[in-house]
Every structure is written in C-alpha cells, then in structure tokens.
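**Student:** Please read through the structure below; I'll follow up with questions.
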Amino acid sequence: MPGETMSGGCQCGRVRFRVTGPLGAGSICHCRMCQKAFGAFYAPLVAVKPDTLEWTRGTPAYFQSSNHVRRGFCKDCGTPLTYEAPDGIALAIGAFDEPAKIPPKVQFGLEAKVPFVDHLAELPGHRTENDPEAPAFLADIVSYQHPDHDTNSWPPEGGAHQ
C-alpha cells in the first residue's frame, strides 16, 4: 500500500480522515479496554504514522481511557476512530471506507479474548435478503449514514439528518 491514499470516517459523517502513505499491520486487540471502547468482542486497528493522517472534516472528541492511552471518537454518533498511545496512533479498521483492504495480521491482549470468538465462523449464517421480512423492511429504510466515500459536504442539504 505504499503511496496509497485511503479515507474513512464516522457513521454520521461529521468526522472524516485521509491517510496518505503506507499503513502499518492490521491488528485485533482483545484487551478489556478495547472491548469496552468498541462495544464489541475485540477492536480491529491499524497503525498509521501521524504525518500521514489528515482530518478532512471535523476532529475526534477524546476519552482518556488510561494514564497512557486516549481514544478518539465522533462526539455526535459515537463511532470509535483512534487509539493513541506513546508509541503511536492507530485507526479503527471498520471506520475506513474500504475496510476489506486492511486484513488483520496479528492479535494482542489474548488474556482477555472472549472464548467463543474463535468459533464465530462456525455459526449458521443468513443473507439479509433471504429473510422473508427483509424486503418490506429494506424498502422502508432511509439511511442517514455517511456513504463510504468522501463528500463535499454532509449531511446533504434538505436531508432528514440535520
């Protein structure tokens, strides 16, 4: 990914970022702080060099989760965005517009790993459109979520999300 530019942001679109240059290795952190910060079983993160990161719309709010770490998030929609420690900054992989391009390569905090995480792929899976109730539900949805690409402004003028 050398020289590649990747962008992303929060769910509501009030905070957007761009990374120009190579990303570090994608990782998953299972520590209890990351679980709570993401409201999930683990936190998928990727290291970035500070001089490659640019906030293109808004800036994160921060929570000091320990004496060493602060975490950036969107103050409006709550999307987790950063993990910042003395050794560097990492961005939430899921906040990128194309998270599939950033596969995790290593796991941290295994002492707090939720035991069933290794078996999630064994669970039965269903596509949304195969749910008999999905067509009516999906036809009625009006999304206020920012699209997975940069926009000149957000939310759209006259849109319901104001």
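Identifiers for the structure tokens are assigned positionally: chains receive A, B, ... in sequence, residues are indexed from 1 per chain, and ligands are indexed from 1 in the order shown.
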Would you kindly return, as an NGL selection string, each protein, DNA or RNA residue with an atom no farther than 8 Å from any atom of region 88-96 of chain A, considering only C-alpha atoms and excluding same-chain residues fewer than 5 positions away?

**Tutor:** :A and (6-11 or 26 or 43-50 or 79-83 or 102 or 148)

**Student:** Per DSSP on the backbone, filter region 50-115 of chain A down to the residues in strand (DSSP E) and report them as a PyMOL selection string.

**Tutor:** chain A and resi 53-57+61-64+70-73+80-85+88-92+104-108

**Student:** What residues in region 14-129 of chain A get the DSSP label alpha helix (DSSP H)? Please answer as a list in words.

**Tutor:**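 Of region 14-129 of chain A, the ones in alpha helix (DSSP H) are Arg32, Met33, Cys34, Gln35, Lys36, Ala37 and Phe38 of chain A.
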
**Student:** Here is a test: counting only C-alpha atoms, which residue of A:Val142, A:Phe17, A:Gly24, A:Gly125 is nearest to Val106 (chain A)?

**Tutor:**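 Selected residue with least distance to Val106 (chain A): A:Gly24.
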
**Student:** Might you pull out every residue within 8 Å of Gln107 (chain A), with only C-alpha atoms counted and same-chain residues fewer than 3 positions away left off, and present them as a short mmCIF file (atom, residue, chain, number, x, y, z; two decimals) with all heavy atoms, in the first residue's frame?

**Tutor:**
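As written to disk, around-v8.cif reads:
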```cif
data_model
loop_
_atom_site.label_atom_id
_atom_site.label_comp_id
_atom_site.auth_asym_id
_atom_site.auth_seq_id
_atom_site.Cartn_x
_atom_site.Cartn_y
_atom_site.Cartn_z
N SER A 27 -4.36 -5.13 13.05
CA SER A 27 -4.33 -5.97 14.25
C SER A 27 -5.72 -6.05 14.86
O SER A 27 -6.62 -5.28 14.53
CB SER A 27 -3.36 -5.39 15.27
OG SER A 27 -3.82 -4.14 15.75
N ILE A 28 -5.85 -6.99 15.75
CA ILE A 28 -7.04 -7.13 16.57
C ILE A 28 -6.58 -7.10 18.01
O ILE A 28 -5.66 -7.84 18.38
CB ILE A 28 -7.78 -8.45 16.29
CG1 ILE A 28 -8.37 -8.43 14.88
CG2 ILE A 28 -8.85 -8.70 17.32
CD1 ILE A 28 -8.99 -9.76 14.47
N CYS A 29 -7.20 -6.26 18.83
CA CYS A 29 -6.87 -6.23 20.25
C CYS A 29 -8.05 -6.76 21.04
O CYS A 29 -9.18 -6.28 20.88
CB CYS A 29 -6.51 -4.82 20.71
SG CYS A 29 -5.99 -4.83 22.46
N HIS A 30 -7.78 -7.75 21.88
CA HIS A 30 -8.81 -8.38 22.68
C HIS A 30 -8.85 -7.85 24.11
O HIS A 30 -9.65 -8.33 24.91
CB HIS A 30 -8.56 -9.90 22.76
CG HIS A 30 -8.67 -10.59 21.45
ND1 HIS A 30 -9.87 -10.99 20.91
CD2 HIS A 30 -7.72 -10.97 20.55
CE1 HIS A 30 -9.67 -11.60 19.76
NE2 HIS A 30 -8.37 -11.60 19.51
N PRO A 104 -6.38 -7.97 9.28
CA PRO A 104 -5.54 -8.10 10.48
C PRO A 104 -4.44 -9.13 10.25
O PRO A 104 -4.64 -10.14 9.58
CB PRO A 104 -6.52 -8.58 11.55
CG PRO A 104 -7.86 -8.20 11.04
CD PRO A 104 -7.77 -8.28 9.54
N LEU A 110 -4.52 -11.34 24.25
CA LEU A 110 -5.19 -12.65 24.23
C LEU A 110 -5.69 -13.09 25.60
O LEU A 110 -6.62 -13.91 25.68
CB LEU A 110 -4.24 -13.70 23.65
CG LEU A 110 -3.89 -13.52 22.17
CD1 LEU A 110 -2.90 -14.59 21.72
CD2 LEU A 110 -5.14 -13.54 21.31
#
```

**Student:** For Arg32 (chain A), list every protein, DNA or RNA residue within 9 Å, evaluated using only C-alpha atoms, and leave out those in the same chain fewer than 5 positions away; present the list as a ChimeraX atom specification.

**Tutor:** /A:37,41-42,109,112-113

**Student:** Go ahead and write the selection's residues with C-alpha atoms as a PDB file, in the first residue's frame.

**Tutor:**
```
ATOM      1  CA  ALA A  37     -14.247   1.133  23.787  1.00  0.00           C
ATOM      2  CA  PHE A  41     -15.585  -8.672  21.300  1.00  0.00           C
ATOM      3  CA  TYR A  42     -12.364  -7.030  20.063  1.00  0.00           C
ATOM      4  CA  GLY A 109      -4.453  -8.943  24.530  1.00  0.00           C
ATOM      5  CA  ALA A 112      -8.969 -11.191  27.703  1.00  0.00           C
ATOM      6  CA  LYS A 113     -10.100 -12.893  24.499  1.00  0.00           C
TER       7      LYS A 113
END
```

**Student:** Would you mind telling me which residue in A:Ser143, A:Gln35, A:Thr5, A:Asn67 lies nearest to Leu23 (chain A) when using only C-alpha atoms?

**Tutor:**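 Nearest candidate to Leu23 (chain A) out of A:Ser143, A:Gln35, A:Thr5, A:Asn67: A:Thr5.
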
**Student:** Would you work out the distance separating CA of Lys75 (chain A) from CA of Pro103 (chain A), expressed in Å to one decimal?

**Tutor:** 27.1 Å

**Student:** What is the distance between CA of Ser66 (chain A) and CA of Ala85 (chain A), in Å to one decimal?

**Tutor:**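 It comes out at 9.6 Å.
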